[in-house]
Amino acid sequence: MIHIINKHNRHLYLSVLADMFRVRHQIFVEDRGWIKLANDNGLERDQFDTDETIYFLKLDENQKILGGMRLVPTLCDTQLSTIFKGWCDFKPAPQAQDAYEWSRYFIADKKYRSPAGYPVHYELFFAILEFAVYRGIRSLSGFLEAITLPRLNALPWKVEYLGNMITYGGTHGEPKGRGAAVQVSVDKRMLRLTKRLKGIKKPYFAIPLGEAAPARPVAFGPELCFQYLDFMEEHPDHTDALIAASKLWVDANGEDRKTFSVFFDNMAAQEAMLGFGGANSAKLAGHNYSLTLQ
């Protein structure tokens with residue numbers, strides 16, 4: 001399943017994010033030879049890994065990282081507005097509230113296939129596209145390796161080149177490569193055509209609660225996942241209280257669990273009053289509301 005990690009639920013994914021930075025170091029530094037990104041602590045992170053960065057990670061049932069990508073708002077510094085600015089020689093990279101840059105795309109397990117037969121990169125592409133449409137993001141840009149571009153061209157996406165194909169590297173020990181700065185325009189029609197082409201009903205997302213999520217993976221559709229994220233952003237104290245109580249419940253005895261059951265019922269009622277309940281509860285579980293699912 002795809003996990004979406006932002007500044008509002010990042011504290012629930014601390015060990016996962018540490019693993020992600022280690023995997024990135026393994027892939028980009030040790031395997032691909034980007035020595036400029038090397039770090040003695042074995043973690044690969046740069047100036048674009050900020051509080052505003054949104055991470056999309058494909059995790060298995062044991063929270064092993066299979067692949068990932070990040071989105072950076074273009075009103076912040078991005079690769080195309082700073083270090084790769086000169087590679088946008090056709091037109092500048094977009095900088096707007098509804099424009100994001102994607103980068104640090106990696107696949108840690110190339111053998112993986114979803115139940116529908118999709119490899120990791122398609123699941124990540126589908127997830128980011130769903131997220132962009134829901135959040136009103138109209139533009140995704142980034143510098144993509146030449147090997148990745150055919151995958152985009154195979155999809156019904158509006159891809160615009162911001163500059164010529166560039167051959168880079170080889171001057172300071174880094175690997176040589178080719179790629180181009182591109183921009184993808186996003187809209188609902190593009191999402192609909194992509195789903196139709198690939199026969200996708202809906203990509204499934206994980207509950208965005210990190211290590212506090214149920215031991216048994218629970219997957220659901222994009223809309224409900226994004227509603228979770230919105231709710232957690234708007235009511236952080238509510239979410240933290242529920243997670244703290246859930247951890248205590250695990251070690252509680254029978255009598256104490258009865259007390260916690262009352263607490264969870266009250267939390268569910270509060271969530272319903274806060275706008276997350278009612279019709280949503282049937283999609284999650286017959287008697288639960290939103291975050292009380294866990």
# chains A, B, ... in the order shown; residues from 1 in each chain; ligands from 1
>>> select_by_dssp(residues="range 103-184 of chain A", states="strand (DSSP E)", output="ChimeraX atom specification")
/A:103-107,139-145,158-161,166-168,177-184
>>> write_last_selection(atoms="C-alpha atoms", output="short mmCIF file (atom, residue, chain, number, x, y, z; two decimals), in the first residue's frame")
data_model
loop_
_atom_site.label_atom_id
_atom_site.label_comp_id
_atom_site.auth_asym_id
_atom_site.auth_seq_id
_atom_site.Cartn_x
_atom_site.Cartn_y
_atom_site.Cartn_z
CA SER A 103 12.01 14.20 -7.16
CA ARG A 104 14.01 11.43 -5.46
CA TYR A 105 12.04 8.77 -7.30
CA PHE A 106 13.46 5.35 -6.46
CA ILE A 107 12.56 1.67 -6.63
CA SER A 139 1.23 21.07 -12.32
CA LEU A 140 3.94 18.53 -11.47
CA SER A 141 7.47 19.26 -12.63
CA GLY A 142 10.90 17.78 -12.17
CA PHE A 143 14.13 16.61 -13.77
CA LEU A 144 13.58 13.07 -15.00
CA GLU A 145 16.15 10.56 -16.13
CA LYS A 158 0.31 16.05 -20.84
CA VAL A 159 4.11 16.16 -20.71
CA GLU A 160 5.85 19.41 -21.67
CA TYR A 161 9.63 19.70 -21.89
CA ILE A 166 20.89 17.16 -20.95
CA THR A 167 23.96 14.97 -20.61
CA TYR A 168 25.37 15.48 -17.15
CA GLY A 177 23.49 10.38 -17.34
CA ARG A 178 20.85 11.95 -19.53
CA GLY A 179 17.56 13.54 -18.68
CA ALA A 180 15.31 16.53 -19.08
CA ALA A 181 13.26 18.98 -17.05
CA VAL A 182 9.57 18.37 -17.70
CA GLN A 183 6.19 19.61 -16.55
CA VAL A 184 3.04 17.50 -16.35
#
>>> residues_around(residues="Lys258 in chain A", least_positions_apart="6", cutoff="10 Å", atoms="only C-alpha atoms", output="list in words")
Trp249, Ala252 and Phe264 of chain A
>>> write_last_selection(atoms="N, CA and C atoms", output="JSON list (two decimals), in the first residue's frame")
[["chain", "number", "residue", "atom", "x", "y", "z"],
["A", 249, "TRP", "N", -4.14, 0.98, 25.64],
["A", 249, "TRP", "CA", -5.14, -0.08, 25.55],
["A", 249, "TRP", "C", -4.49, -1.44, 25.29],
["A", 252, "ALA", "N", -3.53, -2.97, 28.55],
["A", 252, "ALA", "CA", -4.54, -2.89, 29.61],
["A", 252, "ALA", "C", -5.16, -4.26, 29.88],
["A", 264, "PHE", "N", -13.21, 5.36, 23.61],
["A", 264, "PHE", "CA", -13.21, 5.32, 22.15],
["A", 264, "PHE", "C", -14.58, 5.67, 21.59]]
>>> residues_around(residues="range 88-93 of chain A", least_positions_apart="2", cutoff="6 Å", atoms="only C-alpha atoms", output="number ranges by chain")
A: 85-86, 162-163
>>> write_last_selection(atoms="N, CA and C atoms", output="PDB file, in the first residue's frame")
ATOM      1  N   LYS A  85      18.353  25.077 -12.396  1.00  0.00           N
ATOM      2  CA  LYS A  85      17.658  26.194 -13.039  1.00  0.00           C
ATOM      3  C   LYS A  85      18.117  26.395 -14.478  1.00  0.00           C
ATOM      4  N   GLY A  86      19.403  26.217 -14.724  1.00  0.00           N
ATOM      5  CA  GLY A  86      19.940  26.425 -16.064  1.00  0.00           C
ATOM      6  C   GLY A  86      19.508  25.386 -17.073  1.00  0.00           C
ATOM      7  N   LEU A 162      10.614  21.367 -20.440  1.00  0.00           N
ATOM      8  CA  LEU A 162      11.023  22.711 -20.038  1.00  0.00           C
ATOM      9  C   LEU A 162      12.410  23.058 -20.566  1.00  0.00           C
ATOM     10  N   GLY A 163      13.098  22.056 -21.097  1.00  0.00           N
ATOM     11  CA  GLY A 163      14.437  22.270 -21.633  1.00  0.00           C
ATOM     12  C   GLY A 163      14.860  21.101 -22.497  1.00  0.00           C
TER      13      GLY A 163
END
>>> select_by_dssp(residues="range 2-169 of chain A", states="helix (DSSP H, G or I)", output="JSON, numbers by chain")
{"A": [10, 11, 12, 14, 15, 16, 17, 18, 19, 20, 21, 22, 23, 24, 25, 26, 27, 28, 29, 30, 31, 35, 36, 37, 85, 86, 87, 120, 121, 122, 123, 124, 125, 126, 127, 128, 129, 130, 131, 132, 133, 134, 135, 149, 150, 151, 152, 153]}
>>> closest_residue(among="A:Glu52, A:Asp240, A:Asp265, A:Asp251", to="Thr78 in chain A", atoms="only C-alpha atoms")
A:Glu52
